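What follows is the content of data-v1.cif (mmCIF, C-alpha atoms).
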data_input
#
loop_
_atom_site.label_atom_id
_atom_site.label_comp_id
_atom_site.auth_asym_id
_atom_site.auth_seq_id
_atom_site.Cartn_x
_atom_site.Cartn_y
_atom_site.Cartn_z
CA MET W 1 3.58 19.68 7.47
CA GLN W 2 6.61 19.11 5.31
CA HIS W 3 5.97 20.24 1.76
CA ALA W 4 7.65 17.30 0.07
CA VAL W 5 9.18 14.06 1.11
CA ILE W 6 12.29 12.44 -0.25
CA SER W 7 12.59 8.81 0.65
CA MET W 8 15.80 7.42 -0.76
CA GLN W 9 15.57 4.69 1.87
CA TYR W 10 12.40 3.59 0.15
CA ALA W 11 12.49 0.91 -2.54
CA ILE W 12 10.18 0.32 -5.47
CA GLU W 13 10.51 -3.24 -6.72
CA PRO W 14 9.02 -4.93 -9.80
CA ARG W 15 5.61 -6.49 -9.23
CA PRO W 16 4.63 -10.13 -9.90
CA ALA W 17 3.20 -10.23 -13.46
CA GLY W 18 -0.13 -11.90 -12.66
CA THR W 19 -1.05 -9.24 -10.15
CA GLN W 20 -1.25 -6.48 -12.79
CA SER W 21 -2.85 -6.12 -16.22
CA GLN W 22 -0.32 -6.67 -18.99
CA GLY W 23 -1.82 -3.79 -20.96
CA VAL W 24 -3.73 -5.17 -23.97
CA GLU W 25 -6.94 -6.93 -22.92
CA PRO W 26 -8.97 -8.90 -25.49
CA GLY W 27 -12.30 -7.88 -23.94
CA TYR W 28 -11.52 -4.16 -24.01
CA ALA W 29 -10.97 -2.84 -27.55
CA HIS W 30 -9.37 0.52 -26.68
CA THR W 31 -6.46 -1.13 -24.91
CA ALA W 32 -5.01 -2.24 -28.28
CA ASN W 33 -5.17 1.35 -29.59
CA ARG W 34 -3.48 2.89 -26.59
CA TRP W 35 -1.16 0.55 -24.71
CA PRO W 36 2.44 0.83 -26.02
CA ALA W 37 3.51 -1.85 -28.51
CA GLN W 38 7.16 -1.59 -27.39
CA PRO W 39 8.13 -3.25 -24.12
CA LEU W 40 8.27 -0.81 -21.22
CA GLU W 41 11.81 0.24 -20.27
CA ARG W 42 13.48 -0.19 -16.89
CA ARG W 43 15.27 2.76 -15.38
CA PRO W 44 17.50 3.45 -12.41
CA HIS W 45 15.75 5.25 -9.53
CA SER W 46 16.97 8.52 -8.06
CA ALA W 47 15.57 11.27 -5.83
CA SER W 48 13.36 12.22 -8.77
CA GLU W 49 11.28 9.03 -8.66
CA LEU W 50 11.67 8.40 -4.92
CA SER W 51 10.29 11.74 -3.79
CA GLY W 52 6.75 12.96 -3.85
CA PRO W 53 4.52 15.86 -2.98
CA GLY W 54 4.08 15.86 0.79
CA SER W 55 1.31 18.41 1.13
CA LEU W 56 -0.83 18.33 -1.96
CA LEU W 57 -3.67 19.56 0.21
CA ARG W 58 -2.39 23.07 -0.33
CA ARG W 59 -3.53 22.66 -3.91
CA LEU W 60 -6.18 19.97 -3.80
CA ALA W 61 -8.75 20.75 -1.17
CA PRO W 62 -10.72 17.91 0.43
CA VAL W 63 -14.27 17.75 -0.91
CA ARG W 64 -17.35 15.85 0.19
CA GLY W 65 -16.35 12.98 2.48
CA ASP W 66 -20.08 12.26 2.40
CA LEU W 67 -21.62 11.53 -1.00
CA ALA W 68 -24.95 10.24 0.31
CA GLY W 69 -26.46 13.33 1.99
CA TYR W 70 -29.28 13.45 4.53
CA GLY W 71 -33.04 13.98 4.69
CA ASP W 72 -34.59 15.39 1.54
CA LYS W 73 -31.07 15.74 0.08
CA ARG W 74 -30.34 12.06 0.47
CA ALA W 75 -29.11 10.28 -2.65
CA ILE W 76 -31.19 7.34 -3.87
CA GLY W 77 -29.70 3.91 -3.26
CA GLN W 78 -28.37 1.49 -0.69
CA LEU W 79 -26.46 3.45 1.92
CA ILE W 80 -22.93 2.14 2.42
CA HIS W 81 -20.10 3.08 4.72
CA LEU W 82 -16.71 2.30 3.22
CA ARG W 83 -13.63 1.82 5.37
CA ALA W 84 -10.51 1.68 3.22
CA ARG W 85 -7.01 1.52 4.63
CA VAL W 86 -4.00 2.85 2.69
CA VAL W 87 -0.83 0.86 3.47
CA ASP W 88 2.51 0.29 1.75
CA GLU W 89 4.10 -3.06 0.85
CA ASP W 90 5.37 -3.44 4.42
CA GLY W 91 1.78 -3.08 5.64
CA THR W 92 2.72 0.25 7.20
CA PRO W 93 -0.17 2.74 7.13
CA VAL W 94 0.26 5.87 5.01
CA PRO W 95 -1.27 8.61 7.17
CA GLY W 96 -2.11 11.77 5.26
CA ALA W 97 -2.44 9.91 1.95
CA LEU W 98 -4.65 11.87 -0.39
CA VAL W 99 -7.43 9.78 -1.95
CA GLU W 100 -9.76 10.75 -4.79
CA VAL W 101 -12.94 8.74 -5.22
CA TRP W 102 -15.58 8.76 -7.93
CA HIS W 103 -18.45 6.49 -8.92
CA CYS W 104 -21.80 6.42 -10.72
CA ASN W 105 -25.20 6.69 -9.06
CA ALA W 106 -27.48 3.81 -8.08
CA ALA W 107 -28.94 3.73 -11.61
CA GLY W 108 -25.51 3.45 -13.26
CA LYS W 109 -25.20 7.09 -14.38
CA TYR W 110 -22.12 9.31 -13.98
CA ILE W 111 -22.42 13.08 -13.82
CA HIS W 112 -20.08 13.53 -16.75
CA PRO W 113 -20.51 14.93 -20.29
CA SER W 114 -19.05 11.70 -21.75
CA ASP W 115 -21.67 9.43 -20.17
CA SER W 116 -24.23 8.56 -22.86
CA ASN W 117 -25.98 5.90 -20.76
CA ASP W 118 -29.75 6.50 -20.81
CA ALA W 119 -30.16 6.19 -17.05
CA PRO W 120 -31.56 8.91 -14.79
CA ALA W 121 -29.36 11.39 -12.95
CA ASP W 122 -30.01 11.79 -9.24
CA PRO W 123 -30.14 15.50 -8.28
CA ASN W 124 -28.81 14.59 -4.82
CA PHE W 125 -25.82 12.62 -6.04
CA TYR W 126 -22.68 14.04 -7.60
CA GLY W 127 -20.29 11.16 -7.08
CA ALA W 128 -16.82 12.62 -6.49
CA ALA W 129 -14.91 13.03 -3.24
CA ARG W 130 -11.40 13.85 -2.12
CA VAL W 131 -10.44 12.64 1.33
CA VAL W 132 -7.31 12.29 3.46
CA ALA W 133 -6.22 9.15 5.29
CA GLY W 134 -6.04 9.42 9.07
CA ASP W 135 -3.22 8.28 11.33
CA SER W 136 -3.92 4.60 10.76
CA GLY W 137 -4.15 5.09 6.98
CA LEU W 138 -7.93 4.86 7.22
CA VAL W 139 -10.20 6.58 4.74
CA GLU W 140 -13.93 6.59 5.45
CA LEU W 141 -16.62 7.37 2.96
CA ARG W 142 -20.39 7.49 3.39
CA THR W 143 -22.07 7.00 0.05
CA ILE W 144 -24.57 4.86 -1.84
CA LYS W 145 -23.76 1.64 -3.65
CA PRO W 146 -23.19 2.35 -7.35
CA GLY W 147 -25.24 0.54 -9.99
CA ALA W 148 -24.09 -1.56 -12.93
CA TYR W 149 -24.15 -0.09 -16.45
CA PRO W 150 -23.62 -1.23 -20.05
CA VAL W 151 -20.45 -0.21 -21.93
CA PRO W 152 -21.46 1.34 -25.30
CA ASP W 153 -20.60 -0.65 -28.47
CA SER W 154 -19.04 -3.48 -26.49
CA GLY W 155 -21.26 -6.41 -27.47
CA GLY W 156 -22.96 -6.75 -24.10
CA TRP W 157 -20.26 -5.89 -21.58
CA TRP W 158 -21.77 -4.55 -18.38
CA ARG W 159 -19.57 -2.97 -15.75
CA PRO W 160 -20.23 -4.42 -12.30
CA PRO W 161 -20.76 -1.95 -9.45
CA HIS W 162 -17.36 -0.38 -8.72
CA ILE W 163 -15.74 2.65 -7.13
CA HIS W 164 -12.75 4.45 -8.71
CA PHE W 165 -9.76 5.38 -6.56
CA SER W 166 -6.80 7.66 -7.19
CA VAL W 167 -4.26 7.47 -4.35
CA TRP W 168 -0.96 9.16 -3.54
CA GLY W 169 1.52 7.08 -1.58
CA ARG W 170 4.83 8.20 -0.13
CA VAL W 171 6.68 8.81 -3.40
CA TRP W 172 6.03 9.53 -7.09
CA LEU W 173 6.25 5.84 -8.02
CA SER W 174 3.67 4.93 -5.36
CA ARG W 175 0.85 6.61 -7.30
CA LEU W 176 -2.11 4.23 -7.59
CA VAL W 177 -5.19 4.50 -9.79
CA THR W 178 -7.57 1.58 -9.49
CA GLN W 179 -11.17 0.40 -9.08
CA MET W 180 -12.79 -1.36 -6.12
CA PHE W 181 -15.46 -4.01 -6.64
CA PHE W 182 -18.16 -5.49 -4.40
CA GLN W 183 -18.38 -8.98 -2.99
CA ASP W 184 -20.75 -11.52 -4.60
CA GLU W 185 -21.64 -9.49 -7.69
CA PRO W 186 -22.31 -11.89 -10.59
CA LEU W 187 -20.98 -9.38 -13.14
CA ASN W 188 -17.55 -9.50 -11.46
CA GLU W 189 -16.85 -12.80 -13.20
CA HIS W 190 -17.15 -11.32 -16.67
CA ASP W 191 -15.64 -7.87 -16.23
CA ALA W 192 -12.70 -7.27 -18.60
CA ILE W 193 -11.11 -4.80 -16.20
CA LEU W 194 -11.29 -6.82 -12.98
CA ASN W 195 -10.27 -10.01 -14.80
CA ALA W 196 -7.22 -8.33 -16.31
CA ILE W 197 -5.73 -9.21 -12.92
CA ARG W 198 -5.01 -12.84 -13.79
CA GLU W 199 -3.95 -14.18 -10.42
CA PRO W 200 -7.13 -15.13 -8.46
CA GLU W 201 -5.78 -14.01 -5.09
CA ALA W 202 -4.67 -10.63 -6.40
CA ARG W 203 -8.04 -10.23 -8.11
CA SER W 204 -9.92 -11.08 -4.95
CA ARG W 205 -8.01 -8.32 -3.13
CA CYS W 206 -9.68 -5.84 -5.51
CA ILE W 207 -13.07 -6.75 -4.03
CA ALA W 208 -14.40 -5.07 -0.88
CA ARG W 209 -15.78 -7.33 1.85
CA LEU W 210 -19.02 -6.80 3.69
CA ALA W 211 -18.30 -6.36 7.39
CA PRO W 212 -20.61 -7.81 10.07
CA THR W 213 -23.57 -5.43 10.25
CA ALA W 214 -23.12 -5.02 14.02
CA LYS W 215 -19.83 -3.22 13.32
CA GLY W 216 -21.33 -0.21 11.61
CA PRO W 217 -24.02 2.44 11.71
CA ALA W 218 -27.56 1.04 11.89
CA ASP W 219 -28.62 2.51 8.54
CA ALA W 220 -25.66 1.52 6.33
CA LEU W 221 -23.88 -1.59 5.14
CA VAL W 222 -20.19 -1.46 5.99
CA TYR W 223 -17.60 -2.51 3.41
CA GLU W 224 -13.92 -2.92 4.24
CA TYR W 225 -11.05 -2.59 1.82
CA GLN W 226 -7.30 -2.22 1.68
CA LEU W 227 -5.30 -0.19 -0.85
CA VAL W 228 -1.65 -1.27 -1.06
CA VAL W 229 0.53 1.43 -2.60
CA ARG W 230 3.96 0.59 -4.00
CA GLY W 231 7.11 0.88 -1.94
CA ARG W 232 8.69 -0.49 1.19
CA LYS W 233 11.64 0.29 3.36
CA ALA W 234 14.81 -0.62 1.53
CA ALA W 235 16.65 -3.59 3.02
CA PRO W 236 19.71 -2.41 4.96
CA SER W 237 22.89 -3.13 3.03
CA LEU W 238 25.10 -5.74 4.66
CA MET O 1 10.59 -9.58 9.09
CA LYS O 2 7.15 -8.58 7.89
CA ASN O 3 5.54 -10.32 4.95
CA LYS O 4 5.60 -8.24 1.85
CA LEU O 5 2.17 -7.20 0.60
CA VAL O 6 1.47 -7.19 -3.12
CA PRO O 7 0.57 -3.73 -4.48
CA THR O 8 -3.08 -3.35 -5.47
CA GLY O 9 -3.71 -3.98 -9.16
CA GLU O 10 -3.83 -0.83 -11.22
CA MET O 11 -6.90 -0.27 -13.35
CA THR O 12 -7.91 2.23 -15.98
CA LEU O 13 -8.97 5.75 -15.05
CA GLY O 14 -12.00 5.17 -17.28
CA PRO O 15 -13.84 7.82 -19.29
CA PHE O 16 -15.59 9.51 -16.36
CA PHE O 17 -12.83 11.09 -14.27
CA PRO O 18 -14.53 14.10 -12.65
CA ARG O 19 -13.90 17.27 -14.65
CA GLU O 20 -13.32 19.28 -11.49
CA PHE O 21 -10.42 16.98 -10.53
CA ALA O 22 -8.72 17.55 -13.87
CA GLN O 23 -8.86 21.33 -13.62
CA GLY O 24 -7.01 24.02 -11.73
CA ALA O 25 -3.64 22.33 -11.18
CA SER O 26 -1.73 22.96 -14.41
CA ASP O 27 -0.02 26.23 -13.39
CA ARG O 28 2.97 25.81 -11.07
CA THR O 29 4.51 29.25 -11.54
CA ALA O 30 3.08 30.62 -8.29
CA LEU O 31 2.06 29.20 -4.93
CA ASP O 32 -0.46 31.00 -2.73
CA GLY O 33 -0.09 34.05 -4.99
CA LYS O 34 3.71 34.17 -4.64
CA PRO O 35 5.70 33.69 -7.86
CA ALA O 36 8.12 30.75 -7.81
CA LYS O 37 11.82 31.40 -8.33
CA GLY O 38 13.29 30.50 -11.71
CA GLU O 39 12.47 30.69 -15.40
CA ALA O 40 8.71 30.41 -16.01
CA ILE O 41 8.06 28.12 -18.96
CA GLU O 42 5.19 26.49 -20.78
CA ILE O 43 5.22 22.81 -21.68
CA SER O 44 2.59 21.74 -24.16
CA GLY O 45 2.03 18.73 -26.34
CA ARG O 46 -0.44 16.49 -28.09
CA VAL O 47 -1.40 12.96 -27.08
CA THR O 48 -2.22 10.47 -29.85
CA GLN O 49 -3.07 6.77 -30.15
CA VAL O 50 -2.13 4.03 -32.64
CA ASP O 51 -3.83 5.56 -35.70
CA GLY O 52 -2.54 9.06 -34.92
CA LYS O 53 -5.93 10.16 -33.60
CA ALA O 54 -5.70 12.92 -30.99
CA LEU O 55 -7.18 11.94 -27.63
CA ASP O 56 -9.58 14.09 -25.62
CA ASN O 57 -9.58 14.28 -21.82
CA VAL O 58 -6.33 12.38 -21.24
CA VAL O 59 -5.12 13.15 -17.72
CA LEU O 60 -1.43 14.00 -17.35
CA GLU O 61 0.43 14.56 -14.12
CA ILE O 62 3.94 15.95 -13.71
CA TRP O 63 6.48 15.77 -10.91
CA GLN O 64 9.67 17.82 -11.06
CA ALA O 65 12.40 19.55 -9.07
CA ASP O 66 12.54 23.31 -8.59
CA ALA O 67 15.02 25.70 -10.25
CA GLU O 68 17.70 24.55 -7.79
CA GLY O 69 17.18 20.81 -8.18
CA ARG O 70 15.18 20.44 -4.94
CA TYR O 71 12.01 18.46 -4.37
CA ASP O 72 11.30 19.82 -0.90
CA ASN O 73 11.04 23.54 -1.57
CA PRO O 74 8.12 24.84 0.53
CA GLU O 75 7.59 27.68 -1.96
CA PHE O 76 7.27 25.53 -5.06
CA LEU O 77 5.03 22.55 -5.70
CA GLY O 78 6.55 20.30 -8.35
CA TRP O 79 3.34 18.34 -8.90
CA GLY O 80 0.79 19.35 -11.53
CA ARG O 81 -2.14 17.95 -13.43
CA ALA O 82 -3.71 18.83 -16.77
CA ALA O 83 -6.13 17.22 -19.21
CA THR O 84 -6.05 17.27 -23.01
CA ASN O 85 -8.68 19.21 -24.97
CA ALA O 86 -10.65 17.96 -27.98
CA ASP O 87 -7.51 18.45 -30.16
CA GLY O 88 -5.51 16.22 -27.82
CA VAL O 89 -3.47 19.17 -26.57
CA PHE O 90 -2.34 19.73 -22.97
CA SER O 91 -0.44 22.61 -21.42
CA PHE O 92 1.47 23.14 -18.17
CA LYS O 93 2.93 26.37 -16.86
CA THR O 94 5.85 25.68 -14.59
CA ILE O 95 9.45 26.55 -13.69
CA ARG O 96 12.35 25.12 -15.65
CA PRO O 97 13.82 22.58 -13.21
CA LYS O 98 17.46 21.96 -12.50
CA GLY O 99 18.53 18.33 -12.48
CA PRO O 100 18.91 16.97 -8.95
CA GLN O 101 22.17 15.32 -7.95
CA GLY O 102 23.27 12.79 -10.57
CA ARG O 103 20.53 13.77 -13.00
CA LYS O 104 20.03 16.29 -15.79
CA ALA O 105 17.03 18.63 -15.96
CA HIS O 106 13.80 16.69 -16.58
CA VAL O 107 10.10 16.52 -15.83
CA ASN O 108 8.42 13.21 -14.89
CA PHE O 109 5.12 12.56 -16.69
CA LEU O 110 2.31 10.21 -15.76
CA VAL O 111 -0.42 9.41 -18.30
CA LEU O 112 -3.87 8.21 -17.19
CA TYR O 113 -6.65 7.43 -19.64
CA SER O 114 -9.59 5.28 -20.55
CA GLY O 115 -8.19 2.11 -22.12
CA LEU O 116 -4.85 2.41 -20.34
CA MET O 117 -5.03 -0.43 -17.84
CA ARG O 118 -2.05 0.91 -15.91
CA GLN O 119 -0.51 4.34 -15.51
CA LEU O 120 2.15 5.10 -18.11
CA GLN O 121 5.32 6.77 -16.90
CA THR O 122 7.59 8.80 -19.13
CA VAL O 123 10.13 11.61 -18.77
CA MET O 124 10.66 14.85 -20.67
CA PHE O 125 14.17 16.26 -21.10
CA PHE O 126 15.04 19.79 -22.22
CA GLU O 127 18.06 18.81 -24.29
CA ASP O 128 20.12 15.76 -25.12
CA SER O 129 22.19 15.14 -22.04
CA ASP O 130 24.16 12.51 -20.17
CA ASP O 131 21.36 11.40 -17.85
CA PRO O 132 21.09 7.80 -16.57
CA VAL O 133 17.38 7.55 -17.42
CA LEU O 134 17.79 9.10 -20.88
CA ASN O 135 20.75 6.78 -21.44
CA SER O 136 18.61 3.75 -20.58
CA VAL O 137 16.21 4.08 -23.56
CA LYS O 138 16.57 3.09 -27.20
CA HIS O 139 14.84 6.10 -28.78
CA ARG O 140 16.28 8.90 -26.64
CA GLU O 141 15.33 11.59 -29.15
CA ARG O 142 11.66 10.93 -28.39
CA LEU O 143 12.13 12.06 -24.80
CA ILE O 144 13.69 15.39 -25.73
CA ALA O 145 11.26 18.32 -25.95
CA LYS O 146 11.38 20.73 -28.88
CA LYS O 147 11.89 24.37 -28.10
CA SER O 148 8.82 26.15 -29.47
CA GLY O 149 9.41 29.68 -28.16
CA PRO O 150 11.77 31.66 -25.91
CA HIS O 151 10.18 30.06 -22.83
CA ALA O 152 8.12 27.29 -24.39
CA TYR O 153 8.67 23.58 -25.00
CA ARG O 154 6.70 21.05 -26.99
CA PHE O 155 6.49 17.43 -25.80
CA ASP O 156 4.20 15.20 -27.86
CA ILE O 157 3.20 11.82 -26.49
CA ARG O 158 2.45 8.94 -28.85
CA LEU O 159 0.92 6.14 -26.81
CA ARG O 160 1.28 3.47 -29.47
CA GLY O 161 2.42 3.19 -33.09
CA GLU O 162 4.89 5.09 -35.24
CA GLY O 163 7.22 7.25 -33.18
CA GLU O 164 5.93 5.67 -29.98
CA THR O 165 7.07 7.45 -26.84
CA PRO O 166 9.29 5.33 -24.59
CA PHE O 167 7.52 4.47 -21.33
CA PHE O 168 8.89 3.01 -18.13
CA ASP O 169 7.95 0.12 -15.91
CA ASP O 170 9.47 0.39 -12.46
#
Transcribe the structure of this file into structure tokens.
Amino acid sequence: MQHAVISMQYAIEPRPAGTQSQGVEPGYAHTANRWPAQPLERRPHSASELSGPGSLLRRLAPVRGDLAGYGDKRAIGQLIHLRARVVDEDGTPVPGALVEVWHCNAAGKYIHPSDSNDAPADPNFYGAARVVAGDSGLVELRTIKPGAYPVPDSGGWWRPPHIHFSVWGRVWLSRLVTQMFFQDEPLNEHDAILNAIREPEARSRCIARLAPTAKGPADALVYEYQLVVRGRKAAPSL
Amino acid sequence: MKNKLVPTGEMTLGPFFPREFAQGASDRTALDGKPAKGEAIEISGRVTQVDGKALDNVVLEIWQADAEGRYDNPEFLGWGRAATNADGVFSFKTIRPKGPQGRKAHVNFLVLYSGLMRQLQTVMFFEDSDDPVLNSVKHRERLIAKKSGPHAYRFDIRLRGEGETPFFDD
């Protein structure tokens, strides 16, 4: 495998405003302490931004493609089988894309020193995986559906069930960190993070869809999702 | 021609990024036990928010060329990750890069944190230089690291407020 890729024939273009958070969100107090007050600057792109690590796996080993476990080691909760495809803006799959995943347990508890939520830990659930997309850009994860949990000192904000993703695309500027939500969750409507995506269609693409049950394993609900990383083939110059 | 897809909305890293993911990737001076060619350096800095408060567990990633200005050197990995400690301080060990064609020496930085709805991109330079990205910002001095030792550089990142670091939207 090539150690790094340089894709000068790849273009990163500005994104439509309503498809991304604008930074400071009224329902999320920390955003006003941390998001820059100055407008972000535009810069010309060179090999520096349009290259990226091609074989991060030498440093970041895959861990736990299965978060649910089996038998007496099985995590508590609704078993789900997630099929997420990593594609670029052309819809071209990104085989070999490295994907990090983390989420809380079925009771809404993360295994993390910063989580003060008084919900029980599950000794059979850790909640972090690192997986690699196959030839069709497909990432599969067997896990349990995460629970909802209250955000401390937020005046009643509850996070809907969600799964965190960190994805590497083809180049440095393709890096994507996001969260995936679940279809038909009433808390989705009120979540300050999901609703920071103002455009309804773009927001709806952040929600995984339940696949027909006949399509999956008998013991798990199948959810399907698509992660679109930035970048597309540059238009040929005329 | 294919329809263009809209990139997935970015969302905050949140406060619960697994500790194991944030560790073990901040030293780029050797790969598989073999030292990388070039001058080994340390880059450290402190990340603060609007009131000057230092931020704990901020995740920073770097992407840089090797000592010859290459991004595809099989013996050097130009990507690294570190997290700040309780004093808001991060540290990378790496090789001083050479600027690739058309650019001066620099290290790309990505900042991920709870309360940052999107990733923040910035760039560290080693000295004031005629670089197209450095030339494109108003407060260029804020992108230039301070030399803090014979092989050490200091690059503080102010997310918001006085002395705010310039960030890029691409």
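In this structure, CA of Glu164 (chain O) sits 11.3 Å away from CA of Lys138 (chain O).
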*Decode the PyMOL selection byres ((chain O and resi 114) around 7) for the given file into explicit residues and return them as a VMD selection string.*
chain O and resid 12 to 15 113 115 to 116
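The result of the PyMOL selection byres ((chain O and resi 120-125) around 8) on the shown file is Lys104, Ala105, His106, Val107, Asn108, Phe109, Leu110, Val111, Leu112, Leu116, Arg118, Gln119, Phe126, Glu127, Asp128, Leu143, Ile144, Ala145, Phe155, Thr165, Pro166, Phe167, Phe168 and Asp169 of chain O.
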Using all atoms listed in the file, determine which residues lie at most 7 Å from region 38-55 of chain O, disregarding the query and same-chain residues fewer than 4 positions distant; provide the list as a compact mmCIF listing (two decimals) with C-alpha atoms, keeping the file's coordinate frame.
# COMPACT_ATOMS: atom_id res chain seq x y z
CA ASN W 33 -5.17 1.35 -29.59
CA ARG W 34 -3.48 2.89 -26.59
CA THR O 29 4.51 29.25 -11.54
CA ALA O 67 15.02 25.70 -10.25
CA ALA O 86 -10.65 17.96 -27.98
CA ASP O 87 -7.51 18.45 -30.16
CA GLY O 88 -5.51 16.22 -27.82
CA VAL O 89 -3.47 19.17 -26.57
CA PHE O 90 -2.34 19.73 -22.97
CA SER O 91 -0.44 22.61 -21.42
CA PHE O 92 1.47 23.14 -18.17
CA LYS O 93 2.93 26.37 -16.86
CA THR O 94 5.85 25.68 -14.59
CA ILE O 95 9.45 26.55 -13.69
CA ARG O 96 12.35 25.12 -15.65
CA HIS O 151 10.18 30.06 -22.83
CA ALA O 152 8.12 27.29 -24.39
CA TYR O 153 8.67 23.58 -25.00
CA ARG O 154 6.70 21.05 -26.99
CA PHE O 155 6.49 17.43 -25.80
CA ASP O 156 4.20 15.20 -27.86
CA ILE O 157 3.20 11.82 -26.49
CA ARG O 158 2.45 8.94 -28.85
CA LEU O 159 0.92 6.14 -26.81
CA ARG O 160 1.28 3.47 -29.47
CA GLY O 161 2.42 3.19 -33.09
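Closest approach to chain O among W:Pro93, W:Gly127, W:Pro200, W:Pro212: W:Gly127, based on only C-alpha atoms.
Using all atoms listed in the file, the shortest contact distance between Lys73 (chain W) and any of W:Tyr223, W:Phe165, W:Trp157, W:Phe125 is found at W:Phe125.
With distances taken from (-1.8, 22.2, -13.2) and restricted to all atoms listed in the file, the residues inside 6 Å are Gly24, Ala25, Ser26, Asp27, Gly80, Arg81 and Ala82 of chain O.
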*asked:* Suppose a student applies the PyMOL selection byres ((chain W) within 7 of (chain O)) to this structure; what residues should they get, written as a VMD selection string?
replied: chain W and resid 3 to 5 13 to 14 19 to 21 23 30 to 31 33 to 37 40 to 44 51 53 89 to 91 110 112 114 128 176 to 179 193 197 227 to 230
*Can you work out the spacing between CA of Pro62 (chain W) and CA of Glu100 (chain W) in Å, to one decimal?*
8.9 Å
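Note that CA of Gly216 (chain W) and CA of Trp102 (chain W) are 22.3 Å apart.
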Enclose the full set of atoms of region 57-66 of chain O listed in the file within a box whose edges lie along x, y and z, apply 5 Å of padding to each of the six sides, and report centre and edge lengths in Å to one decimal as AutoDock Vina command-line options.
--center_x 1.5 --center_y 17.8 --center_z -15.2 --size_x 32.1 --size_y 20.9 --size_z 23.2
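Between Gln226 (chain W) and the residues W:Val151, W:Ile76, W:Ala47, W:Cys206, the shortest atom-to-atom distance, using all atoms listed in the file, involves W:Cys206.
For the choices W:Glu25, W:Asp115, W:Asp122, W:Asp88, the atom-to-atom distance to Ile12 (chain W) is smallest for W:Asp88 when using all atoms listed in the file.
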*Tell me which protein, DNA and RNA residues are within 9 Å of Arg83 (chain W), counting all atoms listed in the file, leaving out same-chain ones fewer than 4 positions away, and put them as a VMD selection string.*
chain W and resid 138 to 141 222 to 226
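Distances here use only C-alpha atoms; by that measure, the residue among W:Ser166, W:Arg15, W:Ala121, W:Gly69 closest to Val86 (chain W) is W:Ser166.
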*Hey, can you pull every residue with an atom no more than 6 Å from (-3.9, 13.6, -4.4), using all atoms listed in the file, and send it as a PyMOL selection string?*
chain W and resi 98-99+168
Write out the residues from the selection above, keeping C-alpha atoms, as an mmCIF file, in the frame of the given file.
data_model
loop_
_atom_site.group_PDB
_atom_site.id
_atom_site.type_symbol
_atom_site.label_atom_id
_atom_site.label_comp_id
_atom_site.auth_asym_id
_atom_site.auth_seq_id
_atom_site.Cartn_x
_atom_site.Cartn_y
_atom_site.Cartn_z
ATOM 1 C CA LEU W 98 -4.650 11.870 -0.390
ATOM 2 C CA VAL W 99 -7.430 9.780 -1.950
ATOM 3 C CA TRP W 168 -0.960 9.160 -3.540
#
